[in-house]
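*Asks:* Below is the structure I would like to discuss, written out as structure tokens.
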Amino acid sequence: MKLNSPYPVVTKVLTGIQGFDEITDGGLPQGRTTLVMGGPGCGKTVFALQSLVTGANKRKEAGIFVAFEESTRQIVANAATFGWDLPALAKKKLFFLDAQLSPDVVKAGEFDLVGMLNVLQAKAVEIQAKWIVFDGIDVLLSLLDDAVAERREIYRIRDWLHLNGLTGIITQKVGGVEQDQRYNFLQFMVDCVVVLRHQVVDGTAFRNLRVMKYRGSGFGSDEFPITLTSAGMELTNRGPTEFEYHVTNERISSGLPRLDIMLHGGYYRGSNVLISGAPGTAKSTLAGLFAAAACERGERTLYVSFDEGGAQIARNLQSVGIQLAPYLESGVLRMYSTRTRGPNIEEQFGILRAKVRQVNPRCLVIDPMSALSAKVEHLASADASQHFLDFLKGEGITVVNTSLEGGFTADEATATGISTIADTWIHVSYIVQDGERNRALTIVKSRGTGHSNQVRELTLSDEGVSLTDVFVAQGKVLMGVARWEWEQEENATTRRTQVATDLKRLQLHLSQAEATARLQVVQTEIEARNAEISLLADSTGSASKLLRADRAMMRKMRHADEEVRVVTPPTANGGSEIHVGSKTNGGPKANGGPGKNGGKGPA
Amino acid sequence: MATIIAGKTALRLRLYIAGNAPNSLLAITNLKSICDEHFATGCVIETIDLLVHPARALADSIIVTPTLVKVYPLPVRRVIGTLSDTEQVCLALGVK
């Protein structure tokens, strides 16, 4: 978070507490006093100790820890759980003063810290200390049992710190920060006040941190969730209000070639993939495919599981042809299995964050993410998963997280709202029909990539995982055996159609042949008629010739003298005259009669 | 710095003070009067100024000043404060 300070710049020193250094834009004020207040078990000591250890480890700064509440032995033991080797540090950089007053000490009048501060001063000079922590100052102050005396001693400490130029942290236990009027003056006195709060909501513990005051500096004034992880305290910052992720166009395989095609090339590197679905819809299998593909590319991968142990997951994935064992052996794949019940959600994410930092993976599987977020409805944890995913995005890690759906409803909503920040959302559901339960895969959304909008059937077998086209028939999606039957049926139909077509073709050929044959007959008939016609014409022609010849013959026989006139029209015209003449005789039919009648008529 | 109040070593005390701090001065005065009154028989008081010997505080685990430690007879007892509560001091030192 970028903060602008209108005040003269305060030199700050990093505490090493993730998130806290961000909200204060650099840590605690150097050479000034910070008061850390809170109820028991809030992490006040851890806060102070971590600042001290960070200074010693990162900047080689010496420091003094004055423990009023716990023995140094206890503190060393507690610090060891965060991986801080205090005994080793104590030899070089840190000095621990056991300032517990034993319970049998008798108080007989007022006392002060003059002697102790003098001792500490000598020590500070000796080890060139930069830091000093007064842990549990309230324990000592309460012994004074006098508000004025308490105030006097606190001021003494502050002046002493100021004089020595030490960066001081005073921790103080209060029942409730606002209620405890006695120590209100502390807040005015110091330069920086950090309030820690521990509360239980619905049986889940939450720790929060709030910067109440910071002289000379701006700060994030909200209450931030804090977690105690194996690496110490961590504050979950809401992150920058602006998104500043590194964006890449690189695509990486989902591990399932057909799915890559559906996504037009696979997942984006650094994106956030959500696979949601009811129990047993092969979410883990898809996640496993992704992990295997990532390992195949040689990318360090972390597989976080909440349901099952790592070995069990590896075995189960083996049954569908996904081999993780070699990658586990080579170390490119790391499994982290943990339980979800118990500690609060922020703590879980804190642990995961620490794990991610430790393993530093390029690809991450969280199976299932919903295990973390489903059970708590508290506001503080509702978006915890989002912050975690934001963190991963900032690290450029490609994440596949699965989300378990409550039951068998068709409701595609996810419990946590992870879906809103998921870049790619793949939904796997069961479709029950014809006494079968089949898996249907759809891509609900995929930011920045084209993607198929079709439902695919997800099938698992010994040979592996595959996606198959589904058929839509009579308005229903067919899957499993129904799909197979449909395929068979369709094949049979195709065959039947083929045969029918062939048959039809043959029939048509036949009728065509018949028609051709008929045409032949008709043509032959035509030829016959033609022949008849021409025959008829021939016979008619010869008849008229005969007639003429007959007439000539008759004239000759009668010795007619009109020979010229008769002879001149031997043509058709001449013939017509003859027709005229023969008309009166009842037609010139070739029945042999005309010969006699014709001869008689004109005569 | 050891102030022998009486000859016998029946009681040995250590008083840790911080220079001229008012509480410390008050404690010295109070202790003297208590010893005069109750331990006339014998009492050895060692007064240690932490401003001069800060290392002693670390060695003896002294947190506040003034602190009175009964070294002998055992058990070791500690009394903090100006010792103005005479009754408490006497109780701690084993005097009825």
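Chain lettering (A, B, ...) mirrors the order of the structure tokens, residue numbering begins at 1 for each chain separately, and ligand numbering begins at 1 in order of display.
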Can you check which residues of stretch 106-287 of chain A DSSP gives as strand (DSSP E or B) on the backbone and send them as a ChimeraX atom specification?

*Replies:* /A:106-107,112,129-135,167-173,192-201,204-214,223-229,232-235,251-252,267-268,272-277

*Asks:* Please dump the current selection as a compact mmCIF listing (two decimals), in the first residue's frame; keep C-alpha atoms.

*Replies:*
```
# COMPACT_ATOMS: atom_id res chain seq x y z
CA VAL A 106 7.53 -9.02 49.16
CA LYS A 107 6.61 -5.52 48.29
CA ASP A 112 11.52 2.35 40.54
CA ALA A 129 22.11 -2.35 20.85
CA LYS A 130 19.66 -0.73 18.45
CA TRP A 131 16.52 -2.33 19.82
CA ILE A 132 15.04 -2.91 23.17
CA VAL A 133 11.87 -4.72 24.09
CA PHE A 134 10.06 -4.44 27.39
CA ASP A 135 7.77 -7.39 27.24
CA THR A 167 14.06 1.72 19.04
CA GLY A 168 11.78 0.51 21.75
CA ILE A 169 8.86 -1.85 21.85
CA ILE A 170 6.79 -1.99 24.99
CA THR A 171 4.20 -4.69 25.15
CA GLN A 172 1.37 -4.46 27.52
CA LYS A 173 -1.43 -6.79 28.36
CA CYS A 192 3.26 4.37 17.68
CA VAL A 193 0.50 2.20 19.08
CA VAL A 194 -0.28 -1.23 17.74
CA VAL A 195 -3.38 -2.97 19.04
CA LEU A 196 -3.75 -6.71 18.82
CA ARG A 197 -7.07 -8.39 19.29
CA HIS A 198 -8.04 -11.95 19.77
CA GLN A 199 -11.63 -12.95 19.32
CA VAL A 200 -13.62 -16.07 18.83
CA VAL A 201 -16.45 -16.12 16.35
CA THR A 204 -13.11 -20.01 15.32
CA ALA A 205 -10.35 -17.86 16.67
CA PHE A 206 -9.33 -14.70 14.89
CA ARG A 207 -6.36 -12.53 15.57
CA ASN A 208 -6.37 -9.00 14.33
CA LEU A 209 -3.92 -6.16 14.29
CA ARG A 210 -4.65 -2.49 14.09
CA VAL A 211 -2.29 0.44 14.03
CA MET A 212 -3.99 2.96 16.28
CA LYS A 213 -1.46 5.68 16.10
CA TYR A 214 1.72 6.46 14.25
CA GLU A 223 -7.99 -3.98 11.46
CA PHE A 224 -6.00 -6.61 9.62
CA PRO A 225 -6.14 -10.33 10.21
CA ILE A 226 -2.91 -11.80 11.49
CA THR A 227 -1.75 -15.35 11.65
CA LEU A 228 1.01 -17.12 13.47
CA THR A 229 2.73 -19.38 11.02
CA GLY A 232 6.32 -16.12 12.64
CA MET A 233 3.62 -13.54 12.55
CA GLU A 234 2.05 -12.59 9.27
CA LEU A 235 -0.46 -9.92 8.53
CA ARG A 251 -0.33 -20.72 -22.43
CA ILE A 252 0.30 -23.89 -20.55
CA TYR A 267 -4.59 -22.10 -19.39
CA TYR A 268 -2.83 -18.77 -19.23
CA ASN A 272 -6.36 -18.87 -11.65
CA VAL A 273 -8.33 -21.90 -12.69
CA LEU A 274 -11.34 -23.09 -10.80
CA ILE A 275 -12.69 -26.58 -11.28
CA SER A 276 -16.01 -26.93 -9.56
CA GLY A 277 -18.24 -29.90 -9.25
```

*Asks:* Give me the residues within 9 Å of B:Arg12 as a list in words, counting only C-alpha atoms and dropping any in the same chain fewer than 5 places off.

*Replies:*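 After dropping sequence-adjacent residues, the list is Gly42, Cys43, Val44, Ile45, Glu46, Val69, Lys70, Val71, Tyr72 and Pro73 of chain B.
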
*Asks:* Could you take the residues named above and write them with N, CA and C atoms, as a PDB file, in the first residue's frame?

*Replies:*
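Result file out-v1.pdb:
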```
ATOM      1  N   GLY B  42      22.758  -8.452  65.737  1.00  0.00           N
ATOM      2  CA  GLY B  42      23.770  -8.647  64.697  1.00  0.00           C
ATOM      3  C   GLY B  42      23.171  -8.626  63.315  1.00  0.00           C
ATOM      4  N   CYS B  43      23.759  -7.837  62.440  1.00  0.00           N
ATOM      5  CA  CYS B  43      23.193  -7.690  61.099  1.00  0.00           C
ATOM      6  C   CYS B  43      24.246  -7.111  60.177  1.00  0.00           C
ATOM      7  N   VAL B  44      24.509  -7.820  59.067  1.00  0.00           N
ATOM      8  CA  VAL B  44      25.475  -7.311  58.095  1.00  0.00           C
ATOM      9  C   VAL B  44      24.712  -6.848  56.855  1.00  0.00           C
ATOM     10  N   ILE B  45      24.881  -5.630  56.512  1.00  0.00           N
ATOM     11  CA  ILE B  45      24.192  -5.092  55.327  1.00  0.00           C
ATOM     12  C   ILE B  45      25.215  -4.689  54.276  1.00  0.00           C
ATOM     13  N   GLU B  46      25.018  -5.269  53.097  1.00  0.00           N
ATOM     14  CA  GLU B  46      25.878  -4.895  51.982  1.00  0.00           C
ATOM     15  C   GLU B  46      25.047  -4.022  51.043  1.00  0.00           C
ATOM     16  N   VAL B  69      17.734  -8.082  49.766  1.00  0.00           N
ATOM     17  CA  VAL B  69      17.815  -9.539  49.713  1.00  0.00           C
ATOM     18  C   VAL B  69      18.353 -10.044  51.042  1.00  0.00           C
ATOM     19  N   LYS B  70      17.620 -10.969  51.617  1.00  0.00           N
ATOM     20  CA  LYS B  70      18.121 -11.633  52.827  1.00  0.00           C
ATOM     21  C   LYS B  70      18.941 -12.821  52.366  1.00  0.00           C
ATOM     22  N   VAL B  71      20.261 -12.739  52.529  1.00  0.00           N
ATOM     23  CA  VAL B  71      21.155 -13.780  52.034  1.00  0.00           C
ATOM     24  C   VAL B  71      21.290 -14.906  53.059  1.00  0.00           C
ATOM     25  N   TYR B  72      21.281 -14.548  54.292  1.00  0.00           N
ATOM     26  CA  TYR B  72      21.448 -15.531  55.362  1.00  0.00           C
ATOM     27  C   TYR B  72      20.664 -15.091  56.589  1.00  0.00           C
ATOM     28  N   PRO B  73      20.025 -15.919  57.286  1.00  0.00           N
ATOM     29  CA  PRO B  73      19.883 -17.370  57.054  1.00  0.00           C
ATOM     30  C   PRO B  73      18.910 -17.693  55.925  1.00  0.00           C
TER      31      PRO B  73
END
```

*Asks:* Need the shell around B:Cys90: protein/DNA/RNA residues with any atom at most 12 Å away, counting only C-alpha atoms. Skip same-chain ones fewer than 4 positions apart. Format as a PyMOL selection string?

*Replies:* (chain A and resi 106-108) or (chain B and resi 30-31+33-35+37-39+68+70+77-79+83-86+94-96)

*Asks:* For the residues selected in the previous step, produce a file with C-alpha atoms as a tab-separated table (two decimals), in the first residue's frame.

*Replies:*
```
chain	number	residue	atom	x	y	z
A	106	VAL	CA	7.53	-9.02	49.16
A	107	LYS	CA	6.61	-5.52	48.29
A	108	ALA	CA	7.27	-3.03	51.00
B	30	ASN	CA	14.18	2.67	56.51
B	31	LEU	CA	16.44	-0.37	56.61
B	33	SER	CA	15.87	1.99	61.45
B	34	ILE	CA	14.42	-1.50	61.12
B	35	CYS	CA	17.77	-3.09	61.88
B	37	GLU	CA	15.02	-1.74	66.18
B	38	HIS	CA	14.81	-5.48	65.48
B	39	PHE	CA	18.29	-6.77	64.78
B	68	LEU	CA	16.56	-5.96	49.71
B	70	LYS	CA	18.12	-11.63	52.83
B	77	ARG	CA	13.99	-13.69	50.63
B	78	ARG	CA	13.50	-10.59	48.57
B	79	VAL	CA	11.77	-7.39	49.47
B	83	LEU	CA	10.89	-0.71	52.93
B	84	SER	CA	8.46	1.76	54.44
B	85	ASP	CA	6.09	-1.09	55.22
B	86	THR	CA	7.96	-2.22	58.29
B	94	GLY	CA	11.76	-13.69	59.81
B	95	VAL	CA	11.04	-11.43	62.74
B	96	LYS	CA	7.83	-11.66	64.65
```

*Asks:* Considering only C-alpha atoms, return as a list of chain:residue names whatever protein or nucleic-acid residues lie within 12 Å of B:Ile48, sequence-local ones (same chain, fewer than 3 positions apart) excluded.

*Replies:*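 Here the answer would be A:Gly115, B:Met1, B:Ala2, B:Thr3, B:Leu13, B:Arg14, B:Leu15, B:Tyr16, B:Ile17, B:Ala18, B:Gly19, B:Ser24, B:Ile28, B:Ile45, B:Leu51, B:Val52, B:His53, B:Pro54, B:Ala55, B:Arg56, B:Ala57, B:Asp60, B:Ile62, B:Thr65, B:Pro66, B:Thr67, B:Leu68, B:Val69.
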
*Asks:* Keeping only C-alpha atoms, write those residues as an mmCIF file, in the first residue's frame.

*Replies:*
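Written out: again.cif:
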```cif
data_model
loop_
_atom_site.group_PDB
_atom_site.id
_atom_site.type_symbol
_atom_site.label_atom_id
_atom_site.label_comp_id
_atom_site.auth_asym_id
_atom_site.auth_seq_id
_atom_site.Cartn_x
_atom_site.Cartn_y
_atom_site.Cartn_z
ATOM 1 C CA GLY A 115 18.716 0.676 38.671
ATOM 2 C CA MET B 1 30.440 -0.584 50.840
ATOM 3 C CA ALA B 2 29.537 -3.171 53.400
ATOM 4 C CA THR B 3 28.213 -1.578 56.456
ATOM 5 C CA LEU B 13 21.399 -8.560 53.964
ATOM 6 C CA ARG B 14 22.071 -6.992 50.619
ATOM 7 C CA LEU B 15 20.473 -3.748 49.569
ATOM 8 C CA TYR B 16 20.538 -2.833 45.893
ATOM 9 C CA ILE B 17 20.091 0.855 45.259
ATOM 10 C CA ALA B 18 20.335 3.276 42.370
ATOM 11 C CA GLY B 19 22.506 6.167 43.385
ATOM 12 C CA SER B 24 16.796 4.248 47.211
ATOM 13 C CA ILE B 28 18.548 2.980 53.199
ATOM 14 C CA ILE B 45 24.192 -5.092 55.327
ATOM 15 C CA LEU B 51 24.775 2.867 38.985
ATOM 16 C CA VAL B 52 28.313 1.956 39.953
ATOM 17 C CA HIS B 53 28.091 -1.806 39.538
ATOM 18 C CA PRO B 54 25.466 -2.576 36.930
ATOM 19 C CA ALA B 55 26.851 -6.059 36.361
ATOM 20 C CA ARG B 56 25.777 -7.036 39.860
ATOM 21 C CA ALA B 57 22.144 -6.525 38.949
ATOM 22 C CA ASP B 60 21.752 -11.239 41.064
ATOM 23 C CA ILE B 62 17.701 -7.433 40.301
ATOM 24 C CA THR B 65 15.460 -0.641 42.927
ATOM 25 C CA PRO B 66 15.538 -0.654 45.790
ATOM 26 C CA THR B 67 15.642 -4.378 46.437
ATOM 27 C CA LEU B 68 16.564 -5.963 49.710
ATOM 28 C CA VAL B 69 17.815 -9.539 49.713
#
```

*Asks:* Using backbone DSSP assignments, extract all helix (DSSP H, G or I) residues from stretch 37-115 of chain A; output them as a ChimeraX atom specification.

*Replies:* /A:44-58,72-80,86-92,114-115
